[in-house]
Each structure stands twice: as C-alpha cells, then as structure tokens.
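upload-v9.cif follows; it contains mmCIF, C-alpha atoms and all ligand atoms.
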```
data_final
#
loop_
_atom_site.label_atom_id
_atom_site.label_comp_id
_atom_site.auth_asym_id
_atom_site.auth_seq_id
_atom_site.Cartn_x
_atom_site.Cartn_y
_atom_site.Cartn_z
CA MET W 282 86.54 117.55 88.49
CA ARG W 283 84.41 114.99 90.24
CA PHE W 284 86.10 112.24 88.27
CA LEU W 285 89.55 113.51 89.24
CA THR W 286 88.80 113.82 92.93
CA ARG W 287 86.82 110.62 93.38
CA LYS W 288 88.37 108.38 95.98
CA LYS W 289 89.81 105.23 94.52
CA SER W 290 89.91 102.11 96.56
CA ILE W 291 92.00 99.00 96.23
CA SER W 292 91.02 95.88 98.16
CA ILE W 293 93.57 93.29 99.11
CA PHE W 294 92.53 89.66 99.50
CA GLY W 295 94.32 86.57 100.61
CA ILE W 296 93.90 83.63 102.95
CA ARG W 297 95.34 83.44 106.44
CA ALA W 298 99.16 83.70 106.55
CA VAL W 299 99.48 84.44 102.83
CA GLY W 300 101.41 87.60 103.75
CA LYS W 301 98.84 90.43 103.69
CA THR W 302 100.17 92.29 106.72
CA ALA W 303 103.77 91.92 105.57
CA TYR W 304 102.84 93.13 102.11
CA ILE W 305 100.82 96.15 103.22
CA SER W 306 103.40 97.28 105.78
CA MET W 307 106.32 97.05 103.38
CA LEU W 308 104.26 98.73 100.65
CA VAL W 309 103.59 101.76 102.85
CA ASN W 310 107.31 101.88 103.61
CA ILE W 311 108.25 101.72 99.91
CA LEU W 312 105.68 104.33 98.90
CA SER W 313 107.07 106.70 101.51
CA ASN W 314 110.42 106.42 99.71
CA GLN W 315 109.16 106.83 96.14
CA GLN W 316 110.32 109.93 94.27
CA ASN W 317 107.13 110.25 92.24
CA ILE W 318 104.92 109.99 95.31
CA LYS W 319 104.30 113.19 97.22
CA LYS W 320 102.29 114.15 100.26
CA LEU W 321 101.87 110.57 101.42
CA ARG W 322 99.66 110.59 104.49
CA VAL W 323 98.47 107.66 106.55
CA LEU W 324 94.92 108.79 107.34
CA SER W 325 94.01 105.60 109.11
CA GLY W 326 96.04 102.67 110.45
CA TYR W 327 99.15 104.66 111.30
CA ASP W 328 99.68 103.09 114.74
CA TYR W 329 99.08 99.63 113.29
CA TYR W 330 101.64 100.28 110.58
CA MET W 331 104.25 101.47 113.10
CA GLN W 332 103.62 98.45 115.29
CA MET W 333 104.16 96.16 112.29
CA MET W 334 107.41 97.92 111.38
CA ASN W 335 108.57 97.36 114.93
CA TRP W 336 107.95 93.59 114.61
CA ILE W 337 109.57 93.49 111.19
CA LEU W 338 112.71 95.35 112.33
CA ARG W 339 112.94 92.95 115.26
CA GLY W 340 113.06 90.13 112.71
CA GLU W 341 109.96 88.51 114.18
CA GLY W 342 107.47 89.28 111.43
CA PRO W 343 103.88 90.36 111.88
CA PRO W 344 101.98 88.60 114.67
CA PRO W 345 98.90 86.65 113.47
CA ASN W 346 95.76 88.79 113.21
CA LYS W 347 93.25 88.40 115.98
CA THR W 348 89.95 87.12 114.63
CA TYR W 349 88.09 90.34 115.46
CA GLU W 350 90.59 92.58 113.72
CA ARG W 351 89.47 94.26 110.51
CA LEU W 352 92.08 96.87 109.93
CA LEU W 353 91.76 99.64 107.47
CA ILE W 354 94.81 101.37 106.12
CA HIS W 355 93.77 104.54 104.36
CA LEU W 356 96.41 106.48 102.45
CA SER W 357 96.33 109.69 100.51
CA MET W 358 99.08 110.78 98.15
CA GLU W 359 99.91 112.46 94.90
CA VAL W 360 101.36 110.26 92.21
CA ASP W 361 102.94 112.15 89.32
CA GLY W 362 100.89 115.15 90.38
CA LYS W 363 97.62 113.18 90.44
CA LYS W 364 95.68 112.98 93.68
CA ILE W 365 95.08 109.43 94.80
CA GLU W 366 93.34 108.12 97.87
CA LEU W 367 93.26 104.48 98.55
CA ARG W 368 92.15 102.04 101.09
CA THR W 369 93.63 98.72 101.75
CA TYR W 370 92.24 96.27 104.20
CA ASP W 371 93.96 93.75 106.35
CA VAL W 372 91.25 91.48 107.65
CA ALA W 373 91.75 88.30 109.58
CA GLY W 374 92.34 85.57 107.00
CA GLY W 375 89.50 83.46 108.38
CA ASP W 376 86.96 86.12 107.43
CA ILE W 377 87.99 85.95 103.81
CA GLU W 378 87.97 82.16 103.83
CA ARG W 379 84.38 82.10 105.05
CA MET W 380 83.44 84.31 102.06
CA GLY W 381 81.03 86.20 104.27
CA ASP W 382 80.14 89.86 104.57
CA VAL W 383 83.73 91.05 104.77
CA PHE W 384 84.60 89.33 101.51
CA LYS W 385 81.60 90.91 99.76
CA ALA W 386 82.16 94.34 101.31
CA LEU W 387 85.76 94.32 100.10
CA ILE W 388 84.56 93.51 96.59
CA ASP W 389 81.78 96.12 96.68
CA VAL W 390 84.05 98.93 97.85
CA GLY W 391 86.93 98.19 95.49
CA ASP W 392 87.74 99.86 92.19
CA GLY W 393 90.56 97.37 91.74
CA TYR W 394 91.69 94.21 93.48
CA LEU W 395 94.89 92.64 94.61
CA PHE W 396 94.65 88.94 95.32
CA LEU W 397 97.66 87.51 97.13
CA VAL W 398 98.40 83.83 96.54
CA GLU W 399 101.00 81.63 98.19
CA PRO W 400 101.88 78.79 95.80
CA THR W 401 101.84 76.27 98.59
CA ARG W 402 100.95 72.59 97.99
CA ASP W 403 99.23 72.38 101.35
CA PRO W 404 95.93 70.82 100.19
CA ASP W 405 93.68 72.99 102.38
CA LYS W 406 95.32 76.23 101.30
CA HIS W 407 95.61 75.10 97.69
CA VAL W 408 91.89 74.36 97.39
CA THR W 409 90.78 77.40 99.38
CA GLN W 410 92.79 79.83 97.26
CA VAL W 411 91.45 78.48 93.96
CA LYS W 412 87.94 78.41 95.38
CA LEU W 413 88.15 82.03 96.51
CA ILE W 414 89.41 83.37 93.19
CA TYR W 415 86.54 81.58 91.43
CA LYS W 416 84.09 83.05 93.96
CA LEU W 417 85.54 86.54 93.54
CA ILE W 418 85.03 86.38 89.77
CA GLU W 419 81.57 84.90 90.22
CA TYR W 420 80.54 87.75 92.52
CA LEU W 421 82.11 90.44 90.32
CA THR W 422 80.29 89.22 87.23
CA GLU W 423 76.92 88.66 88.96
CA LYS W 424 77.20 84.91 88.52
CA PHE W 425 78.90 85.06 85.13
CA LYS W 426 76.14 87.14 83.53
CA LYS W 427 78.51 89.88 82.36
CA ARG W 428 82.21 90.52 81.98
CA THR W 429 83.91 92.99 84.32
CA LYS W 430 86.38 95.79 83.58
CA LYS W 431 87.54 96.07 87.17
CA PRO W 432 91.26 95.26 87.26
CA LEU W 433 92.50 92.23 89.16
CA ALA W 434 96.16 91.82 90.06
CA LEU W 435 97.17 88.34 91.17
CA ALA W 436 100.43 88.25 93.06
CA PHE W 437 102.34 85.24 94.33
CA THR W 438 103.79 86.05 97.75
CA LYS W 439 107.01 84.92 99.50
CA ASN W 440 108.81 84.64 96.17
CA ASP W 441 112.14 84.56 98.01
CA ILE W 442 111.04 81.01 98.90
CA TYR W 443 109.27 79.96 95.69
CA GLY W 444 111.38 81.70 93.01
CA ILE W 445 108.61 82.03 90.41
CA LYS W 446 109.86 83.63 87.19
CA ASP W 447 106.79 83.44 84.96
CA PRO W 448 103.84 84.26 87.26
CA LYS W 449 101.17 83.93 84.58
CA LYS W 450 102.28 80.42 83.62
CA ALA W 451 102.78 79.50 87.29
CA PHE W 452 99.31 80.75 88.15
CA PHE W 453 97.40 78.53 85.75
CA GLU W 454 99.68 75.58 86.52
CA TYR W 455 98.93 76.13 90.20
CA THR W 456 95.17 76.13 89.75
CA VAL W 457 94.94 73.08 87.44
CA PRO W 458 95.13 70.34 90.11
CA VAL W 459 92.09 71.96 91.78
CA PHE W 460 90.18 73.63 88.93
CA ASN W 461 91.51 75.25 85.78
CA LEU W 462 90.66 78.89 86.41
CA SER W 463 91.25 79.84 82.78
CA GLN W 464 87.60 78.69 82.43
CA VAL W 465 86.46 81.81 84.31
CA PHE W 466 89.16 84.33 83.40
CA TYR W 467 87.27 85.02 80.18
CA TYR W 468 84.92 87.13 82.34
CA LEU W 469 87.76 89.44 83.39
CA LYS W 470 88.71 92.13 80.93
CA ASN W 471 91.73 93.34 82.85
CA TYR W 472 94.09 91.21 84.88
CA GLU W 473 97.80 90.80 85.42
CA PHE W 474 100.13 88.44 87.28
CA PHE W 475 103.01 89.20 89.62
CA ALA W 476 105.42 87.48 91.99
CA VAL W 477 106.60 89.45 95.01
CA SER W 478 108.55 89.13 98.23
CA ALA W 479 107.76 91.42 101.16
CA PHE W 480 111.06 90.88 102.95
CA GLY W 481 113.38 89.55 100.25
CA GLY W 482 114.17 86.51 102.38
CA ASP W 483 113.60 84.88 105.73
CA LEU W 484 113.19 87.66 108.30
CA GLU W 485 115.00 85.94 111.14
CA GLN W 486 117.97 85.16 108.93
CA ILE W 487 118.04 88.72 107.55
CA ARG W 488 118.02 90.04 111.09
CA SER W 489 120.74 87.65 112.32
CA GLU W 490 123.00 88.80 109.49
CA GLY W 491 122.47 92.43 110.48
CA ARG W 492 120.66 93.24 107.23
CA THR W 493 117.29 94.92 106.79
CA ALA W 494 114.32 93.49 104.93
CA THR W 495 114.39 94.44 101.26
CA PRO W 496 111.11 93.94 99.45
CA ILE W 497 111.17 92.68 95.87
CA ASP W 498 108.62 93.87 93.29
CA ILE W 499 105.87 94.59 95.83
CA GLU W 500 105.15 97.99 94.31
CA LYS W 501 104.55 96.49 90.85
CA PRO W 502 100.99 95.20 91.30
CA PHE W 503 100.14 98.38 93.19
CA PHE W 504 101.33 100.71 90.43
CA TRP W 505 99.71 98.51 87.81
CA LEU W 506 96.38 98.82 89.65
CA LEU W 507 96.80 102.58 90.08
CA LYS W 508 97.17 102.92 86.34
CA GLN W 509 93.99 100.94 85.70
CA ILE W 510 91.62 102.63 88.16
N1 LIG R 601 110.04 84.35 103.58
C1 LIG R 601 108.99 85.18 103.59
N2 LIG R 601 108.07 85.11 104.57
C2 LIG R 601 107.04 85.97 104.54
C3 LIG R 601 106.88 86.94 103.51
N3 LIG R 601 105.73 87.63 103.73
C4 LIG R 601 105.20 87.13 104.86
N4 LIG R 601 105.97 86.13 105.35
C5 LIG R 601 105.73 85.34 106.58
O1 LIG R 601 104.49 84.64 106.43
C6 LIG R 601 103.77 84.62 107.67
C7 LIG R 601 102.39 85.25 107.47
O2 LIG R 601 102.53 86.61 107.09
P1 LIG R 601 101.40 87.73 107.43
O3 LIG R 601 101.79 88.97 106.75
O4 LIG R 601 101.14 87.79 108.89
O5 LIG R 601 100.12 87.05 106.70
P2 LIG R 601 98.56 87.50 106.80
O6 LIG R 601 97.90 86.54 107.74
O7 LIG R 601 98.05 87.30 105.40
O8 LIG R 601 98.49 88.93 107.25
C8 LIG R 601 104.62 85.39 108.67
O9 LIG R 601 105.37 84.45 109.40
C9 LIG R 601 105.53 86.24 107.79
O10 LIG R 601 106.76 86.53 108.44
C10 LIG R 601 107.90 86.99 102.49
O11 LIG R 601 107.85 87.80 101.55
N5 LIG R 601 108.92 86.09 102.58
MG MG R 602 97.57 89.84 108.83
#
```
Target format structure tokens, applied to this file:
Amino acid sequence: MRFLTRKKSISIFGIRAVGKTAYISMLVNILSNQQNIKKLRVLSGYDYYMQMMNWILRGEGPPPNKTYERLLIHLSMEVDGKKIELRTYDVAGGDIERMGDVFKALIDVGDGYLFLVEPTRDPDKHVTQVKLIYKLIEYLTEKFKKRTKKPLALAFTKNDIYGIKDPKKAFFEYTVPVFNLSQVFYYLKNYEFFAVSAFGGDLEQIRSEGRTATPIDIEKPFFWLLKQI
C-alpha cells in the first residue's frame, strides 16, 4: 500500500527562456483533456496556471519569470486507475544556471527528471545547457561513483522552429561541439529523448490567424516518465 500511495515527483529543468513555463502550462491543459486521466486537481499553482493561459490565449506568451519566483505546480490525478501525485517546478532560469540550492533541491526531490533543451547555437546557451546536463548526472551519481536508475527524459523544445526528427541523434550532435555527453550517459540506466513544441508554432502568428495553440508531443516525455517512476 505504501508503495502505491507514495507521492511521485517529477522535476523539470531548463535554462532561462528554454520554454519551461510554456511547457508546464500546456501540459496541464493537455492532461485535463486526456481520457485516461481522471480526477485531475491542481493542488498548488492554480492561479499561476490560469494567468499563463490568459497570456497564451492573448498570443503574447508567458512573461519572463521574476528572479524571486520559484513556482510549484502540484497536481494529483488518476492515470489508468492508478493514483499519481506529481510536482513540477518552474523556477527562474537563472537559479538553475547558477547550479545552486534550487538545482540540488530539484534533483533531491525528484523521482524522475525532465530536462528541456533548446537546440540553439547561441554560444552562451549552448555551453550552459551541456554543462548543466553533465552536472546533473554528476550530482545524481555522487560524482560518477555509481550508476543511477532514476529516469531522465531529455526534450528539445520549440520544435516548430527546429524541426528535429531524430532527437537522440540530434542530442549527441548538439553536445559534441561543447563536450560529448555520451561520455557520461553510461552512468544513466534509464533515459529517453524527445522533441516537443508547446504551441505548435509562433504564438503571435497563431493568434493573428485566429487559431489556438496546439501543442505537439509535449505529453510524450511526461507519460514516459510516469511509466518509469
Ligand atoms: N515558437 C515557439 N516558441 C516557444 C515555445 N515554447 C516557448 N516559446 C517561447 O519562448 C520564450 C520563453 O518561453 P518560457 O516558457 O517563458 O521559458 P522559461 O523561461 O523556460 O519559462 C517565450 O517567448 C515563449 O513564447 C514553442 O513551443 N514554440
Ligand atoms: Mg518561466
């Protein structure tokens, strides 16, 4: 019983402007429409979610996080009759980039992880993203002393712009100019790659054409993680 009722927690990581807020908001929206998901409740972060949906329906997109914001979205639901509780965090990107207490707390509390990556060639973002994934694996494995079973989903964001078809291949190709992360993936026993789009296109354009944002594949890493935890 205790095993069945234990709260499961998923932590979401990603640098500033990678698309965390967009992803989380559209995920909550999708989950609320899923046939196999019942009794979805937003236990924490409900007002935040509604505020984001307001911005998204306006076609303006989520406003940048304020540096002090560390928002918790806490959901409970039943998936295929199984009770699931999960927590996702939307922290200001800068906090993650500094790899400080927030970064470590998110790792400590998580049963599974979703790392969002934008395949941008911007040198600062490129290096920071590779650096953070290395650091995440280093922390999870206590400095590469042991391998970890905790599942890690790596998802490329804004795929309406980038059009990635083979996310696994694209991932290692993306890291190579900075550091070939396949060197440290040996320490992960369970990982998978995805490419998602929160809005299915440019929000302003979608809005000007009278359409609504249509996410692509954003539920896939989530359901993959749910299966693993
Ligand atoms: N085209 C496109 N833009 C996106 C997508 N997701 C987020 N964005 C934009 O990227 C910027 C940063 O997104 P946000 O969710 O605030 O990132 P955060 O800082 O990680 O929370 C905003 O201008 C969003 O509108 C997407 O799937 N497609
Ligand atoms: Mg945000």
Surrounding residues as an NGL selection string, ligand LIG 601 (chain R), max 9 Å, only C-alpha atoms and all ligand atoms: :W and (294-306 or 337 or 340-346 or 371-375 or 397 or 438-442 or 477-485 or 496-497)
Residue with the minimum atom-to-atom distance to ligand MG 602 (chain R), picked from W:Asn317, W:Leu356, W:Asp376, W:Asn471 with all atoms listed in the file counted, is W:Asp376
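Minimum atom-to-atom distances from W:Arg351, W:Lys449, W:Lys288, W:Arg379 to ligand MG 602 (chain R) were compared using all atoms listed in the file, and the lowest value belongs to W:Arg351.
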Checklist entry - Can you list, as a ChimeraX atom specification, every protein, DNA or RNA residue that comes within 7 Å of region 393-395 of chain W when you count all atoms listed in the file, leaving out same-chain residues fewer than 4 positions away? => result /W:290-294,431-435,506,510
Selected residues, C-alpha atoms, written as a CSV table (one decimal), in the coordinates of the input, please.
```csv
chain,number,residue,atom,x,y,z
W,290,SER,CA,89.9,102.1,96.6
W,291,ILE,CA,92.0,99.0,96.2
W,292,SER,CA,91.0,95.9,98.2
W,293,ILE,CA,93.6,93.3,99.1
W,294,PHE,CA,92.5,89.7,99.5
W,431,LYS,CA,87.5,96.1,87.2
W,432,PRO,CA,91.3,95.3,87.3
W,433,LEU,CA,92.5,92.2,89.2
W,434,ALA,CA,96.2,91.8,90.1
W,435,LEU,CA,97.2,88.3,91.2
W,506,LEU,CA,96.4,98.8,89.6
W,510,ILE,CA,91.6,102.6,88.2
```
Next on the checklist: Please list as an NGL selection string every residue within 7 Å of Pro448 (chain W), counting all atoms listed in the file and excluding residues in the same chain fewer than 5 positions away.
Outcome noted: :W and (474-476)
If you count all atoms listed in the file, the residue of W:Leu338, W:Ile445, W:Val309, W:Val398 closest to Ala494 (chain W) turns out to be W:Leu338
note - CA of Lys427 (chain W) and CA of Lys508 (chain W) are separated by 23.1 Å
Nearest to Glu423 (chain W), restricted to all atoms listed in the file and choosing among W:Ala451, W:Ile311, W:Leu324, W:Ile388, comes out as W:Ile388
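Going from CA of Tyr455 (chain W) over to CA of Lys412 (chain W), you cover 12.4 Å.
You will find CA of Phe460 (chain W) at 27.1 Å from CA of Ile499 (chain W).
Closest approach to Tyr443 (chain W) among W:Trp336, W:Thr401, W:Lys501, W:Gln316: W:Thr401, based on all atoms listed in the file.
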Missing atoms in region 462-492 of chain W need filling: write out N, CA and C atoms for it as a compact mmCIF listing (two decimals), in the frame of the given file.
```
# COMPACT_ATOMS: atom_id res chain seq x y z
N LEU W 462 91.34 77.59 86.34
CA LEU W 462 90.66 78.89 86.41
C LEU W 462 90.63 79.64 85.08
N SER W 463 91.35 79.15 84.07
CA SER W 463 91.25 79.84 82.78
C SER W 463 89.81 79.74 82.25
N GLN W 464 89.03 78.79 82.78
CA GLN W 464 87.60 78.69 82.43
C GLN W 464 86.83 79.95 82.79
N VAL W 465 87.23 80.63 83.86
CA VAL W 465 86.46 81.81 84.31
C VAL W 465 87.19 83.13 84.05
N PHE W 466 88.44 83.07 83.65
CA PHE W 466 89.16 84.33 83.40
C PHE W 466 88.66 85.06 82.16
N TYR W 467 87.92 84.37 81.32
CA TYR W 467 87.27 85.02 80.18
C TYR W 467 86.40 86.20 80.65
N TYR W 468 85.83 86.10 81.83
CA TYR W 468 84.92 87.13 82.34
C TYR W 468 85.64 88.36 82.87
N LEU W 469 86.96 88.29 82.95
CA LEU W 469 87.76 89.44 83.39
C LEU W 469 88.36 90.11 82.16
N LYS W 470 88.14 91.43 82.08
CA LYS W 470 88.71 92.13 80.93
C LYS W 470 90.12 92.64 81.21
N ASN W 471 90.47 92.69 82.48
CA ASN W 471 91.73 93.34 82.85
C ASN W 471 92.37 92.65 84.04
N TYR W 472 93.40 91.88 83.77
CA TYR W 472 94.09 91.21 84.88
C TYR W 472 95.56 91.06 84.55
N GLU W 473 96.35 90.92 85.61
CA GLU W 473 97.80 90.80 85.42
C GLU W 473 98.37 89.96 86.56
N PHE W 474 99.53 89.34 86.29
CA PHE W 474 100.13 88.44 87.28
C PHE W 474 101.49 88.96 87.75
N PHE W 475 101.78 88.72 89.01
CA PHE W 475 103.01 89.20 89.62
C PHE W 475 103.56 88.15 90.59
N ALA W 476 104.84 88.30 90.92
CA ALA W 476 105.42 87.48 91.99
C ALA W 476 106.26 88.43 92.84
N VAL W 477 105.99 88.44 94.14
CA VAL W 477 106.60 89.45 95.01
C VAL W 477 107.19 88.81 96.27
N SER W 478 108.06 89.55 96.91
CA SER W 478 108.55 89.13 98.23
C SER W 478 108.55 90.35 99.13
N ALA W 479 107.88 90.26 100.26
CA ALA W 479 107.76 91.42 101.16
C ALA W 479 109.08 91.72 101.85
N PHE W 480 109.84 90.68 102.17
CA PHE W 480 111.06 90.88 102.95
C PHE W 480 112.33 90.59 102.16
N GLY W 481 112.21 89.92 101.05
CA GLY W 481 113.38 89.55 100.25
C GLY W 481 114.14 88.37 100.84
N GLY W 482 113.53 87.67 101.77
CA GLY W 482 114.17 86.51 102.38
C GLY W 482 113.52 86.18 103.71
N ASP W 483 114.11 85.24 104.42
CA ASP W 483 113.60 84.88 105.73
C ASP W 483 113.99 85.96 106.74
N LEU W 484 112.97 86.51 107.41
CA LEU W 484 113.19 87.66 108.30
C LEU W 484 114.21 87.40 109.39
N GLU W 485 114.09 86.26 110.04
CA GLU W 485 115.00 85.94 111.14
C GLU W 485 116.45 85.88 110.67
N GLN W 486 116.61 85.29 109.49
CA GLN W 486 117.97 85.16 108.93
C GLN W 486 118.52 86.54 108.56
N ILE W 487 117.65 87.36 107.94
CA ILE W 487 118.04 88.72 107.55
C ILE W 487 118.51 89.49 108.78
N ARG W 488 117.73 89.34 109.84
CA ARG W 488 118.02 90.04 111.09
C ARG W 488 119.33 89.54 111.71
N SER W 489 119.54 88.22 111.69
CA SER W 489 120.74 87.65 112.32
C SER W 489 122.00 88.04 111.57
N GLU W 490 121.84 88.37 110.28
CA GLU W 490 123.00 88.80 109.49
C GLU W 490 123.17 90.31 109.53
N GLY W 491 122.36 90.98 110.34
CA GLY W 491 122.47 92.43 110.48
C GLY W 491 121.98 93.21 109.27
N ARG W 492 121.21 92.54 108.39
CA ARG W 492 120.66 93.24 107.23
C ARG W 492 119.25 93.72 107.54
```
